[in-house]
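Since the structure comes first, as structure tokens, the remarks are kept for the end.
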Amino acid sequence: MSEDLIVGGILFCISLLGVVSNWTVLLFLPKSIHKSFGTLTRNQAFGDALQTTTVFFVVVPMVLFDIQIIKTNSNLVSFVMLFGYEVSVLSHLLLSFNRLCAVSSPLKYHQLYSQRLTICMIVIANLYSLASILVLFASGCKYYWSSELHMFMYHVSNACVNFSFYGIFCKYLVIILIILMIDLFSIYTARQLYRQAHSGNVTKQINKKEVGLLVQTCLQGMLFSIELVCYFVVSPRVQNKWSQFFLTTVAFSTIHACDGAISIMCNSEFRELLFRKPVVTSSLPLSKVGPRSESQTKF
């Protein structure tokens, strides 16, 4: 079995999962589900779907059928993939802030995260993503497909090496660290509320549905941090090309494929809509005083 057939088969399976899951989230996630969080999740799915669809319909045929015209212009293919990656990472950052606000200030959540403000944040984030990729390519730094190593890699030059380290690795490292700190603080806050629930000192309630959304952001942020370390830290230190392939190309594609699947698994209402099977959700009372109100149970 040829190497291209193995590489193409692996990427086919991963990208197929990503195409199905991310386009499902993008097209079918109900607008009524946590308006701000749902809008941010759809934008994240847009970035992931863009990346996985490009791999499925362009990169996989290029590898399997050795299409030279695509390999020659693989720099343009990488433009689309990097844009999708940038959109996805920034969406993760916005989602983490969203969950932090929902956990720490649930009564002010809808005021702070109005639909108009959410859309403005998405527009700014996507324009920044496009601008950063345009700057990358305007600098003359090319990101092309290596048939020998089965991965996208930068053209070797001083400008390209510096840009990839400072403009890509350092930037994403800072973003991922911020995401992890926000997620850890959100988990800590949610844990404190859960403890206070049993002491009867609070009048709020924790909704299991909201906990699922917090789990979603934490899992996705953790995957991105692992991919970043694998791609920029571990892969340059290994010599075996198959190890590099799994640490770069496979890791890069897997996080985008898993994003959509995680969004589906962690959203009970969405699963109910997709599978037409009732999903029972309940709230964990933080106080025994009085009936719960809508403002107390929704973020």
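Ordering of the structure tokens sets the chain letters (A, B, ...), residue numbers begin anew at 1 in every chain, and ligands are numbered from 1 in the order given.
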
Find the spatial neighbours of region 109-124 of chain A, counting only C-alpha atoms, within a cut-off of 12 Å - ignore same-chain residues fewer than 5 positions away - and output them as a PyMOL selection string.
chain A and resi 31-32+34-44+46-47+87-95+97-104+129-131+295-299

Expected file contents, prior selection, C-alpha atoms, as a PDB file, in the first residue's frame:
```pdb
ATOM      1  CA  LYS A  31     -31.237  29.955  17.073  1.00  0.00           C
ATOM      2  CA  SER A  32     -33.299  29.715  20.244  1.00  0.00           C
ATOM      3  CA  HIS A  34     -28.667  30.314  24.262  1.00  0.00           C
ATOM      4  CA  LYS A  35     -28.746  33.059  21.639  1.00  0.00           C
ATOM      5  CA  SER A  36     -25.307  34.523  22.279  1.00  0.00           C
ATOM      6  CA  PHE A  37     -23.581  31.211  22.996  1.00  0.00           C
ATOM      7  CA  GLY A  38     -25.333  29.588  20.029  1.00  0.00           C
ATOM      8  CA  THR A  39     -24.257  32.387  17.671  1.00  0.00           C
ATOM      9  CA  LEU A  40     -20.640  32.077  18.815  1.00  0.00           C
ATOM     10  CA  THR A  41     -20.799  28.289  18.461  1.00  0.00           C
ATOM     11  CA  ARG A  42     -22.071  28.617  14.888  1.00  0.00           C
ATOM     12  CA  ASN A  43     -19.211  30.976  14.030  1.00  0.00           C
ATOM     13  CA  GLN A  44     -16.766  28.488  15.513  1.00  0.00           C
ATOM     14  CA  PHE A  46     -18.035  27.978  10.371  1.00  0.00           C
ATOM     15  CA  GLY A  47     -14.260  28.112  10.862  1.00  0.00           C
ATOM     16  CA  VAL A  87     -11.687  31.965  13.097  1.00  0.00           C
ATOM     17  CA  SER A  88     -12.028  28.826  15.201  1.00  0.00           C
ATOM     18  CA  VAL A  89      -9.374  29.869  17.745  1.00  0.00           C
ATOM     19  CA  LEU A  90     -10.820  33.355  18.218  1.00  0.00           C
ATOM     20  CA  SER A  91     -14.310  31.871  18.545  1.00  0.00           C
ATOM     21  CA  HIS A  92     -12.977  29.658  21.337  1.00  0.00           C
ATOM     22  CA  LEU A  93     -11.696  32.755  23.099  1.00  0.00           C
ATOM     23  CA  LEU A  94     -15.066  34.498  22.810  1.00  0.00           C
ATOM     24  CA  LEU A  95     -16.876  31.357  23.991  1.00  0.00           C
ATOM     25  CA  PHE A  97     -15.453  34.755  28.008  1.00  0.00           C
ATOM     26  CA  ASN A  98     -19.119  33.978  27.387  1.00  0.00           C
ATOM     27  CA  ARG A  99     -19.110  31.029  29.808  1.00  0.00           C
ATOM     28  CA  LEU A 100     -17.160  32.979  32.424  1.00  0.00           C
ATOM     29  CA  CYS A 101     -19.808  35.695  32.362  1.00  0.00           C
ATOM     30  CA  ALA A 102     -22.619  33.121  32.441  1.00  0.00           C
ATOM     31  CA  VAL A 103     -21.168  31.391  35.503  1.00  0.00           C
ATOM     32  CA  SER A 104     -20.010  34.430  37.487  1.00  0.00           C
ATOM     33  CA  SER A 129      -8.585  36.660  11.075  1.00  0.00           C
ATOM     34  CA  LEU A 130      -8.727  37.646   7.416  1.00  0.00           C
ATOM     35  CA  ALA A 131      -6.312  40.540   7.928  1.00  0.00           C
ATOM     36  CA  SER A 295     -33.877  34.699  35.518  1.00  0.00           C
ATOM     37  CA  GLN A 296     -32.438  32.252  38.028  1.00  0.00           C
ATOM     38  CA  THR A 297     -32.181  29.266  35.725  1.00  0.00           C
ATOM     39  CA  LYS A 298     -31.139  30.751  32.395  1.00  0.00           C
ATOM     40  CA  PHE A 299     -27.865  32.406  31.548  1.00  0.00           C
TER      41      PHE A 299
END
```

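Using only C-alpha atoms, the residues found no farther than 10 Å from Gly140 (chain A), other than those of its own chain fewer than 5 positions away, are Val135, His155, Ser157, Ala159 and Cys160 of chain A.
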
Report the residues of region 126-265 of chain A whose backbone DSSP state falls under alpha helix (DSSP H), written as a PDB file with N, CA and C atoms, in the first residue's frame.
```
ATOM      1  N   ASN A 126     -13.618  37.953  12.842  1.00  0.00           N
ATOM      2  CA  ASN A 126     -13.435  37.382  11.509  1.00  0.00           C
ATOM      3  C   ASN A 126     -12.636  38.304  10.593  1.00  0.00           C
ATOM      4  N   LEU A 127     -12.858  39.612  10.731  1.00  0.00           N
ATOM      5  CA  LEU A 127     -12.070  40.563   9.937  1.00  0.00           C
ATOM      6  C   LEU A 127     -10.610  40.533  10.362  1.00  0.00           C
ATOM      7  N   TYR A 128     -10.380  40.407  11.667  1.00  0.00           N
ATOM      8  CA  TYR A 128      -8.995  40.292  12.148  1.00  0.00           C
ATOM      9  C   TYR A 128      -8.348  39.013  11.608  1.00  0.00           C
ATOM     10  N   SER A 129      -9.104  37.925  11.599  1.00  0.00           N
ATOM     11  CA  SER A 129      -8.585  36.660  11.075  1.00  0.00           C
ATOM     12  C   SER A 129      -8.177  36.803   9.618  1.00  0.00           C
ATOM     13  N   LEU A 130      -9.030  37.446   8.832  1.00  0.00           N
ATOM     14  CA  LEU A 130      -8.727  37.646   7.416  1.00  0.00           C
ATOM     15  C   LEU A 130      -7.508  38.541   7.247  1.00  0.00           C
ATOM     16  N   ALA A 131      -7.439  39.606   8.035  1.00  0.00           N
ATOM     17  CA  ALA A 131      -6.312  40.540   7.928  1.00  0.00           C
ATOM     18  C   ALA A 131      -4.993  39.864   8.296  1.00  0.00           C
ATOM     19  N   SER A 132      -4.996  39.044   9.335  1.00  0.00           N
ATOM     20  CA  SER A 132      -3.760  38.379   9.767  1.00  0.00           C
ATOM     21  C   SER A 132      -3.263  37.405   8.711  1.00  0.00           C
ATOM     22  N   ILE A 133      -4.173  36.713   8.040  1.00  0.00           N
ATOM     23  CA  ILE A 133      -3.765  35.777   6.982  1.00  0.00           C
ATOM     24  C   ILE A 133      -3.265  36.538   5.763  1.00  0.00           C
ATOM     25  N   LEU A 134      -3.892  37.666   5.457  1.00  0.00           N
ATOM     26  CA  LEU A 134      -3.435  38.493   4.330  1.00  0.00           C
ATOM     27  C   LEU A 134      -2.027  39.024   4.594  1.00  0.00           C
ATOM     28  N   VAL A 135      -1.760  39.418   5.833  1.00  0.00           N
ATOM     29  CA  VAL A 135      -0.423  39.890   6.188  1.00  0.00           C
ATOM     30  C   VAL A 135       0.601  38.766   6.021  1.00  0.00           C
ATOM     31  N   LEU A 136       0.208  37.556   6.414  1.00  0.00           N
ATOM     32  CA  LEU A 136       1.095  36.401   6.275  1.00  0.00           C
ATOM     33  C   LEU A 136       1.502  36.187   4.823  1.00  0.00           C
ATOM     34  N   PHE A 137       0.534  36.222   3.933  1.00  0.00           N
ATOM     35  CA  PHE A 137       0.833  35.961   2.532  1.00  0.00           C
ATOM     36  C   PHE A 137       1.462  37.167   1.843  1.00  0.00           C
ATOM     37  N   ALA A 138       1.137  38.367   2.314  1.00  0.00           N
ATOM     38  CA  ALA A 138       1.765  39.565   1.743  1.00  0.00           C
ATOM     39  C   ALA A 138       3.243  39.619   2.094  1.00  0.00           C
ATOM     40  N   ASN A 158      14.326  33.324   6.465  1.00  0.00           N
ATOM     41  CA  ASN A 158      14.380  34.027   7.755  1.00  0.00           C
ATOM     42  C   ASN A 158      13.054  34.708   8.075  1.00  0.00           C
ATOM     43  N   ALA A 159      12.472  35.373   7.057  1.00  0.00           N
ATOM     44  CA  ALA A 159      11.202  36.073   7.274  1.00  0.00           C
ATOM     45  C   ALA A 159      10.100  35.095   7.647  1.00  0.00           C
ATOM     46  N   CYS A 160      10.104  33.935   6.976  1.00  0.00           N
ATOM     47  CA  CYS A 160       9.044  32.955   7.214  1.00  0.00           C
ATOM     48  C   CYS A 160       9.199  32.292   8.577  1.00  0.00           C
ATOM     49  N   VAL A 161      10.432  31.989   8.953  1.00  0.00           N
ATOM     50  CA  VAL A 161      10.675  31.375  10.253  1.00  0.00           C
ATOM     51  C   VAL A 161      10.277  32.321  11.380  1.00  0.00           C
ATOM     52  N   ASN A 162      10.648  33.582  11.262  1.00  0.00           N
ATOM     53  CA  ASN A 162      10.292  34.565  12.293  1.00  0.00           C
ATOM     54  C   ASN A 162       8.786  34.780  12.361  1.00  0.00           C
ATOM     55  N   LYS A 171       1.516  33.930  19.127  1.00  0.00           N
ATOM     56  CA  LYS A 171       0.158  34.500  19.194  1.00  0.00           C
ATOM     57  C   LYS A 171      -0.846  33.461  19.680  1.00  0.00           C
ATOM     58  N   TYR A 172      -0.822  32.272  19.070  1.00  0.00           N
ATOM     59  CA  TYR A 172      -1.763  31.233  19.463  1.00  0.00           C
ATOM     60  C   TYR A 172      -1.488  30.722  20.872  1.00  0.00           C
ATOM     61  N   LEU A 173      -0.210  30.698  21.259  1.00  0.00           N
ATOM     62  CA  LEU A 173       0.131  30.260  22.603  1.00  0.00           C
ATOM     63  C   LEU A 173      -0.487  31.190  23.645  1.00  0.00           C
ATOM     64  N   VAL A 174      -0.389  32.498  23.407  1.00  0.00           N
ATOM     65  CA  VAL A 174      -0.981  33.473  24.328  1.00  0.00           C
ATOM     66  C   VAL A 174      -2.497  33.305  24.384  1.00  0.00           C
ATOM     67  N   ILE A 175      -3.124  33.142  23.211  1.00  0.00           N
ATOM     68  CA  ILE A 175      -4.584  32.987  23.171  1.00  0.00           C
ATOM     69  C   ILE A 175      -5.016  31.727  23.905  1.00  0.00           C
ATOM     70  N   ILE A 176      -4.318  30.613  23.645  1.00  0.00           N
ATOM     71  CA  ILE A 176      -4.683  29.355  24.283  1.00  0.00           C
ATOM     72  C   ILE A 176      -4.485  29.426  25.797  1.00  0.00           C
ATOM     73  N   LEU A 177      -3.408  30.068  26.252  1.00  0.00           N
ATOM     74  CA  LEU A 177      -3.182  30.220  27.692  1.00  0.00           C
ATOM     75  C   LEU A 177      -4.288  31.052  28.341  1.00  0.00           C
ATOM     76  N   ILE A 178      -4.711  32.113  27.648  1.00  0.00           N
ATOM     77  CA  ILE A 178      -5.822  32.928  28.163  1.00  0.00           C
ATOM     78  C   ILE A 178      -7.092  32.091  28.257  1.00  0.00           C
ATOM     79  N   ILE A 179      -7.355  31.289  27.216  1.00  0.00           N
ATOM     80  CA  ILE A 179      -8.538  30.428  27.209  1.00  0.00           C
ATOM     81  C   ILE A 179      -8.499  29.443  28.365  1.00  0.00           C
ATOM     82  N   LEU A 180      -7.341  28.829  28.588  1.00  0.00           N
ATOM     83  CA  LEU A 180      -7.213  27.853  29.668  1.00  0.00           C
ATOM     84  C   LEU A 180      -7.418  28.506  31.039  1.00  0.00           C
ATOM     85  N   MET A 181      -6.867  29.703  31.231  1.00  0.00           N
ATOM     86  CA  MET A 181      -7.036  30.397  32.514  1.00  0.00           C
ATOM     87  C   MET A 181      -8.493  30.771  32.743  1.00  0.00           C
ATOM     88  N   ILE A 182      -9.146  31.245  31.689  1.00  0.00           N
ATOM     89  CA  ILE A 182     -10.566  31.598  31.816  1.00  0.00           C
ATOM     90  C   ILE A 182     -11.390  30.366  32.142  1.00  0.00           C
ATOM     91  N   ASP A 183     -11.116  29.261  31.435  1.00  0.00           N
ATOM     92  CA  ASP A 183     -11.870  28.030  31.668  1.00  0.00           C
ATOM     93  C   ASP A 183     -11.653  27.501  33.084  1.00  0.00           C
ATOM     94  N   LEU A 184     -10.407  27.559  33.557  1.00  0.00           N
ATOM     95  CA  LEU A 184     -10.118  27.090  34.911  1.00  0.00           C
ATOM     96  C   LEU A 184     -10.842  27.939  35.953  1.00  0.00           C
ATOM     97  N   PHE A 185     -10.862  29.242  35.727  1.00  0.00           N
ATOM     98  CA  PHE A 185     -11.567  30.122  36.660  1.00  0.00           C
ATOM     99  C   PHE A 185     -13.078  29.867  36.606  1.00  0.00           C
ATOM    100  N   SER A 186     -13.601  29.604  35.418  1.00  0.00           N
ATOM    101  CA  SER A 186     -15.028  29.299  35.280  1.00  0.00           C
ATOM    102  C   SER A 186     -15.375  28.004  36.007  1.00  0.00           C
ATOM    103  N   ILE A 187     -14.517  26.994  35.864  1.00  0.00           N
ATOM    104  CA  ILE A 187     -14.733  25.733  36.568  1.00  0.00           C
ATOM    105  C   ILE A 187     -14.685  25.946  38.080  1.00  0.00           C
ATOM    106  N   TYR A 188     -13.712  26.737  38.527  1.00  0.00           N
ATOM    107  CA  TYR A 188     -13.593  27.034  39.959  1.00  0.00           C
ATOM    108  C   TYR A 188     -14.846  27.739  40.470  1.00  0.00           C
ATOM    109  N   THR A 189     -15.334  28.715  39.704  1.00  0.00           N
ATOM    110  CA  THR A 189     -16.539  29.453  40.111  1.00  0.00           C
ATOM    111  C   THR A 189     -17.752  28.542  40.168  1.00  0.00           C
ATOM    112  N   ALA A 190     -17.900  27.686  39.147  1.00  0.00           N
ATOM    113  CA  ALA A 190     -19.028  26.757  39.124  1.00  0.00           C
ATOM    114  C   ALA A 190     -18.940  25.774  40.293  1.00  0.00           C
ATOM    115  N   ARG A 191     -17.739  25.355  40.620  1.00  0.00           N
ATOM    116  CA  ARG A 191     -17.547  24.427  41.751  1.00  0.00           C
ATOM    117  C   ARG A 191     -17.909  25.102  43.070  1.00  0.00           C
ATOM    118  N   GLN A 192     -17.536  26.360  43.208  1.00  0.00           N
ATOM    119  CA  GLN A 192     -17.886  27.092  44.430  1.00  0.00           C
ATOM    120  C   GLN A 192     -19.394  27.223  44.576  1.00  0.00           C
ATOM    121  N   LEU A 193     -20.069  27.516  43.472  1.00  0.00           N
ATOM    122  CA  LEU A 193     -21.531  27.613  43.517  1.00  0.00           C
ATOM    123  C   LEU A 193     -22.158  26.275  43.883  1.00  0.00           C
ATOM    124  N   TYR A 194     -21.574  25.203  43.361  1.00  0.00           N
ATOM    125  CA  TYR A 194     -22.109  23.883  43.667  1.00  0.00           C
ATOM    126  C   TYR A 194     -21.943  23.552  45.148  1.00  0.00           C
ATOM    127  N   ARG A 195     -20.792  23.940  45.722  1.00  0.00           N
ATOM    128  CA  ARG A 195     -20.582  23.711  47.144  1.00  0.00           C
ATOM    129  C   ARG A 195     -21.543  24.530  47.990  1.00  0.00           C
ATOM    130  N   GLN A 196     -21.744  25.780  47.565  1.00  0.00           N
ATOM    131  CA  GLN A 196     -22.655  26.644  48.306  1.00  0.00           C
ATOM    132  C   GLN A 196     -24.088  26.147  48.230  1.00  0.00           C
ATOM    133  N   ALA A 197     -24.387  25.380  47.192  1.00  0.00           N
ATOM    134  CA  ALA A 197     -25.735  24.848  47.040  1.00  0.00           C
ATOM    135  C   ALA A 197     -26.102  23.945  48.208  1.00  0.00           C
ATOM    136  N   HIS A 198     -25.129  23.201  48.688  1.00  0.00           N
ATOM    137  CA  HIS A 198     -25.397  22.264  49.776  1.00  0.00           C
ATOM    138  C   HIS A 198     -25.360  22.929  51.143  1.00  0.00           C
ATOM    139  N   SER A 199     -24.812  24.136  51.203  1.00  0.00           N
ATOM    140  CA  SER A 199     -24.798  24.850  52.483  1.00  0.00           C
ATOM    141  C   SER A 199     -26.018  25.741  52.652  1.00  0.00           C
ATOM    142  N   LYS A 208     -27.997  22.024  34.731  1.00  0.00           N
ATOM    143  CA  LYS A 208     -27.102  21.037  34.140  1.00  0.00           C
ATOM    144  C   LYS A 208     -26.822  21.348  32.672  1.00  0.00           C
ATOM    145  N   LYS A 209     -27.775  21.970  32.032  1.00  0.00           N
ATOM    146  CA  LYS A 209     -27.585  22.346  30.633  1.00  0.00           C
ATOM    147  C   LYS A 209     -26.444  23.346  30.497  1.00  0.00           C
ATOM    148  N   GLU A 210     -26.356  24.282  31.433  1.00  0.00           N
ATOM    149  CA  GLU A 210     -25.276  25.261  31.413  1.00  0.00           C
ATOM    150  C   GLU A 210     -23.937  24.609  31.731  1.00  0.00           C
ATOM    151  N   VAL A 211     -23.958  23.627  32.607  1.00  0.00           N
ATOM    152  CA  VAL A 211     -22.729  22.903  32.920  1.00  0.00           C
ATOM    153  C   VAL A 211     -22.205  22.210  31.672  1.00  0.00           C
ATOM    154  N   GLY A 212     -23.114  21.668  30.850  1.00  0.00           N
ATOM    155  CA  GLY A 212     -22.712  21.023  29.604  1.00  0.00           C
ATOM    156  C   GLY A 212     -22.026  21.988  28.660  1.00  0.00           C
ATOM    157  N   LEU A 213     -22.499  23.226  28.601  1.00  0.00           N
ATOM    158  CA  LEU A 213     -21.879  24.223  27.732  1.00  0.00           C
ATOM    159  C   LEU A 213     -20.506  24.624  28.244  1.00  0.00           C
ATOM    160  N   LEU A 214     -20.352  24.669  29.570  1.00  0.00           N
ATOM    161  CA  LEU A 214     -19.038  24.946  30.143  1.00  0.00           C
ATOM    162  C   LEU A 214     -18.066  23.809  29.829  1.00  0.00           C
ATOM    163  N   VAL A 215     -18.562  22.580  29.916  1.00  0.00           N
ATOM    164  CA  VAL A 215     -17.733  21.421  29.562  1.00  0.00           C
ATOM    165  C   VAL A 215     -17.307  21.506  28.100  1.00  0.00           C
ATOM    166  N   GLN A 216     -18.218  21.952  27.238  1.00  0.00           N
ATOM    167  CA  GLN A 216     -17.901  22.096  25.813  1.00  0.00           C
ATOM    168  C   GLN A 216     -16.697  23.008  25.594  1.00  0.00           C
ATOM    169  N   THR A 217     -16.739  24.193  26.186  1.00  0.00           N
ATOM    170  CA  THR A 217     -15.642  25.138  25.986  1.00  0.00           C
ATOM    171  C   THR A 217     -14.335  24.616  26.565  1.00  0.00           C
ATOM    172  N   CYS A 218     -14.405  23.928  27.708  1.00  0.00           N
ATOM    173  CA  CYS A 218     -13.189  23.406  28.334  1.00  0.00           C
ATOM    174  C   CYS A 218     -12.563  22.299  27.502  1.00  0.00           C
ATOM    175  N   LEU A 219     -13.374  21.383  27.002  1.00  0.00           N
ATOM    176  CA  LEU A 219     -12.858  20.295  26.173  1.00  0.00           C
ATOM    177  C   LEU A 219     -12.225  20.823  24.889  1.00  0.00           C
ATOM    178  N   GLN A 220     -12.911  21.766  24.253  1.00  0.00           N
ATOM    179  CA  GLN A 220     -12.392  22.308  23.000  1.00  0.00           C
ATOM    180  C   GLN A 220     -11.113  23.098  23.228  1.00  0.00           C
ATOM    181  N   GLY A 221     -11.065  23.866  24.306  1.00  0.00           N
ATOM    182  CA  GLY A 221      -9.849  24.608  24.615  1.00  0.00           C
ATOM    183  C   GLY A 221      -8.684  23.685  24.925  1.00  0.00           C
ATOM    184  N   MET A 222      -8.967  22.575  25.616  1.00  0.00           N
ATOM    185  CA  MET A 222      -7.921  21.612  25.939  1.00  0.00           C
ATOM    186  C   MET A 222      -7.367  20.969  24.671  1.00  0.00           C
ATOM    187  N   LEU A 223      -8.248  20.638  23.716  1.00  0.00           N
ATOM    188  CA  LEU A 223      -7.796  20.037  22.463  1.00  0.00           C
ATOM    189  C   LEU A 223      -6.889  20.983  21.686  1.00  0.00           C
ATOM    190  N   PHE A 224      -7.253  22.256  21.644  1.00  0.00           N
ATOM    191  CA  PHE A 224      -6.441  23.222  20.913  1.00  0.00           C
ATOM    192  C   PHE A 224      -5.070  23.396  21.564  1.00  0.00           C
ATOM    193  N   SER A 225      -5.024  23.361  22.881  1.00  0.00           N
ATOM    194  CA  SER A 225      -3.734  23.499  23.558  1.00  0.00           C
ATOM    195  C   SER A 225      -2.845  22.294  23.275  1.00  0.00           C
ATOM    196  N   ILE A 226      -3.424  21.097  23.262  1.00  0.00           N
ATOM    197  CA  ILE A 226      -2.658  19.893  22.946  1.00  0.00           C
ATOM    198  C   ILE A 226      -2.133  19.948  21.519  1.00  0.00           C
ATOM    199  N   GLU A 227      -2.990  20.380  20.585  1.00  0.00           N
ATOM    200  CA  GLU A 227      -2.569  20.472  19.176  1.00  0.00           C
ATOM    201  C   GLU A 227      -1.440  21.468  19.000  1.00  0.00           C
ATOM    202  N   LEU A 228      -1.530  22.585  19.693  1.00  0.00           N
ATOM    203  CA  LEU A 228      -0.498  23.617  19.570  1.00  0.00           C
ATOM    204  C   LEU A 228       0.857  23.091  20.033  1.00  0.00           C
ATOM    205  N   VAL A 229       0.867  22.377  21.150  1.00  0.00           N
ATOM    206  CA  VAL A 229       2.110  21.813  21.669  1.00  0.00           C
ATOM    207  C   VAL A 229       2.657  20.745  20.718  1.00  0.00           C
ATOM    208  N   LYS A 241       9.138  10.608   9.998  1.00  0.00           N
ATOM    209  CA  LYS A 241       8.174  11.433   9.261  1.00  0.00           C
ATOM    210  C   LYS A 241       6.727  11.064   9.564  1.00  0.00           C
ATOM    211  N   TRP A 242       6.477   9.797   9.949  1.00  0.00           N
ATOM    212  CA  TRP A 242       5.111   9.420  10.291  1.00  0.00           C
ATOM    213  C   TRP A 242       4.714  10.012  11.638  1.00  0.00           C
ATOM    214  N   SER A 243       5.674  10.092  12.532  1.00  0.00           N
ATOM    215  CA  SER A 243       5.400  10.765  13.805  1.00  0.00           C
ATOM    216  C   SER A 243       5.090  12.231  13.569  1.00  0.00           C
ATOM    217  N   GLN A 244       5.839  12.869  12.683  1.00  0.00           N
ATOM    218  CA  GLN A 244       5.576  14.266  12.341  1.00  0.00           C
ATOM    219  C   GLN A 244       4.217  14.424  11.679  1.00  0.00           C
ATOM    220  N   PHE A 245       3.865  13.471  10.848  1.00  0.00           N
ATOM    221  CA  PHE A 245       2.556  13.512  10.179  1.00  0.00           C
ATOM    222  C   PHE A 245       1.414  13.497  11.191  1.00  0.00           C
ATOM    223  N   ALA A 251      -3.131  15.945  13.855  1.00  0.00           N
ATOM    224  CA  ALA A 251      -3.556  16.731  15.023  1.00  0.00           C
ATOM    225  C   ALA A 251      -4.321  17.974  14.594  1.00  0.00           C
ATOM    226  N   PHE A 252      -3.829  18.646  13.551  1.00  0.00           N
ATOM    227  CA  PHE A 252      -4.457  19.864  13.041  1.00  0.00           C
ATOM    228  C   PHE A 252      -5.880  19.588  12.556  1.00  0.00           C
ATOM    229  N   SER A 253      -6.044  18.478  11.844  1.00  0.00           N
ATOM    230  CA  SER A 253      -7.363  18.145  11.294  1.00  0.00           C
ATOM    231  C   SER A 253      -8.306  17.601  12.358  1.00  0.00           C
ATOM    232  N   THR A 254      -7.752  16.876  13.326  1.00  0.00           N
ATOM    233  CA  THR A 254      -8.595  16.233  14.342  1.00  0.00           C
ATOM    234  C   THR A 254      -9.307  17.239  15.234  1.00  0.00           C
ATOM    235  N   ILE A 255      -8.620  18.306  15.644  1.00  0.00           N
ATOM    236  CA  ILE A 255      -9.266  19.268  16.542  1.00  0.00           C
ATOM    237  C   ILE A 255     -10.466  19.929  15.873  1.00  0.00           C
ATOM    238  N   HIS A 256     -10.356  20.191  14.572  1.00  0.00           N
ATOM    239  CA  HIS A 256     -11.484  20.797  13.862  1.00  0.00           C
ATOM    240  C   HIS A 256     -12.622  19.802  13.679  1.00  0.00           C
ATOM    241  N   ALA A 257     -12.271  18.534  13.488  1.00  0.00           N
ATOM    242  CA  ALA A 257     -13.308  17.519  13.349  1.00  0.00           C
ATOM    243  C   ALA A 257     -14.030  17.289  14.667  1.00  0.00           C
ATOM    244  N   CYS A 258     -13.275  17.341  15.777  1.00  0.00           N
ATOM    245  CA  CYS A 258     -13.864  17.066  17.095  1.00  0.00           C
ATOM    246  C   CYS A 258     -14.696  18.224  17.622  1.00  0.00           C
ATOM    247  N   ASP A 259     -14.414  19.437  17.179  1.00  0.00           N
ATOM    248  CA  ASP A 259     -15.160  20.605  17.675  1.00  0.00           C
ATOM    249  C   ASP A 259     -16.660  20.427  17.490  1.00  0.00           C
ATOM    250  N   GLY A 260     -17.057  20.047  16.288  1.00  0.00           N
ATOM    251  CA  GLY A 260     -18.481  19.880  16.012  1.00  0.00           C
ATOM    252  C   GLY A 260     -19.089  18.756  16.825  1.00  0.00           C
ATOM    253  N   ALA A 261     -18.364  17.634  16.940  1.00  0.00           N
ATOM    254  CA  ALA A 261     -18.862  16.495  17.712  1.00  0.00           C
ATOM    255  C   ALA A 261     -19.040  16.864  19.180  1.00  0.00           C
ATOM    256  N   ILE A 262     -18.100  17.627  19.734  1.00  0.00           N
ATOM    257  CA  ILE A 262     -18.197  18.058  21.135  1.00  0.00           C
ATOM    258  C   ILE A 262     -19.391  18.993  21.332  1.00  0.00           C
ATOM    259  N   SER A 263     -19.601  19.897  20.377  1.00  0.00           N
ATOM    260  CA  SER A 263     -20.738  20.818  20.476  1.00  0.00           C
ATOM    261  C   SER A 263     -22.059  20.060  20.504  1.00  0.00           C
ATOM    262  N   ILE A 264     -22.145  18.973  19.746  1.00  0.00           N
ATOM    263  CA  ILE A 264     -23.370  18.166  19.718  1.00  0.00           C
ATOM    264  C   ILE A 264     -23.524  17.383  21.018  1.00  0.00           C
ATOM    265  N   MET A 265     -22.431  16.762  21.478  1.00  0.00           N
ATOM    266  CA  MET A 265     -22.498  15.934  22.682  1.00  0.00           C
ATOM    267  C   MET A 265     -22.842  16.742  23.934  1.00  0.00           C
TER     268      MET A 265
END
```

Using only C-alpha atoms, the residue out of A:Cys141, A:Val234, A:Cys266, A:Leu5 with shortest distance to Pro61 (chain A) is A:Leu5

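Computed from the coordinates, the CA of Trp145 (chain A) to CA of Lys71 (chain A) distance equals 6.5 Å.
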
Which of these residues is nearest to Phe246 (chain A), using only C-alpha atoms: A:Phe79, A:Phe57, A:Phe275, A:Tyr231?
A:Tyr231

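Between Thr72 (chain A) and the residues A:Tyr143, A:Val238, A:Ser2, A:Asn22, the shortest atom-to-atom distance, using only C-alpha atoms, involves A:Tyr143.
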
With only C-alpha atoms as the atoms that count, which of A:Ile69, A:Asn267, A:Lys142, A:Ser147 lies nearest to Phe163 (chain A)?
A:Lys142

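Here CA of Gly8 (chain A) and CA of Glu86 (chain A) stand 24.3 Å from one another.
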
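Minimum distance to Leu149 (chain A) across A:Ser78, A:Thr248, A:Ser15, A:Asn73 (counting only C-alpha atoms) occurs at A:Thr248.
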
Residue set, region 63-297 of chain A restricted to strand (DSSP E or B), as a VMD selection string:
chain A and resid 143 to 146 151 to 154 205 to 207 283 to 285
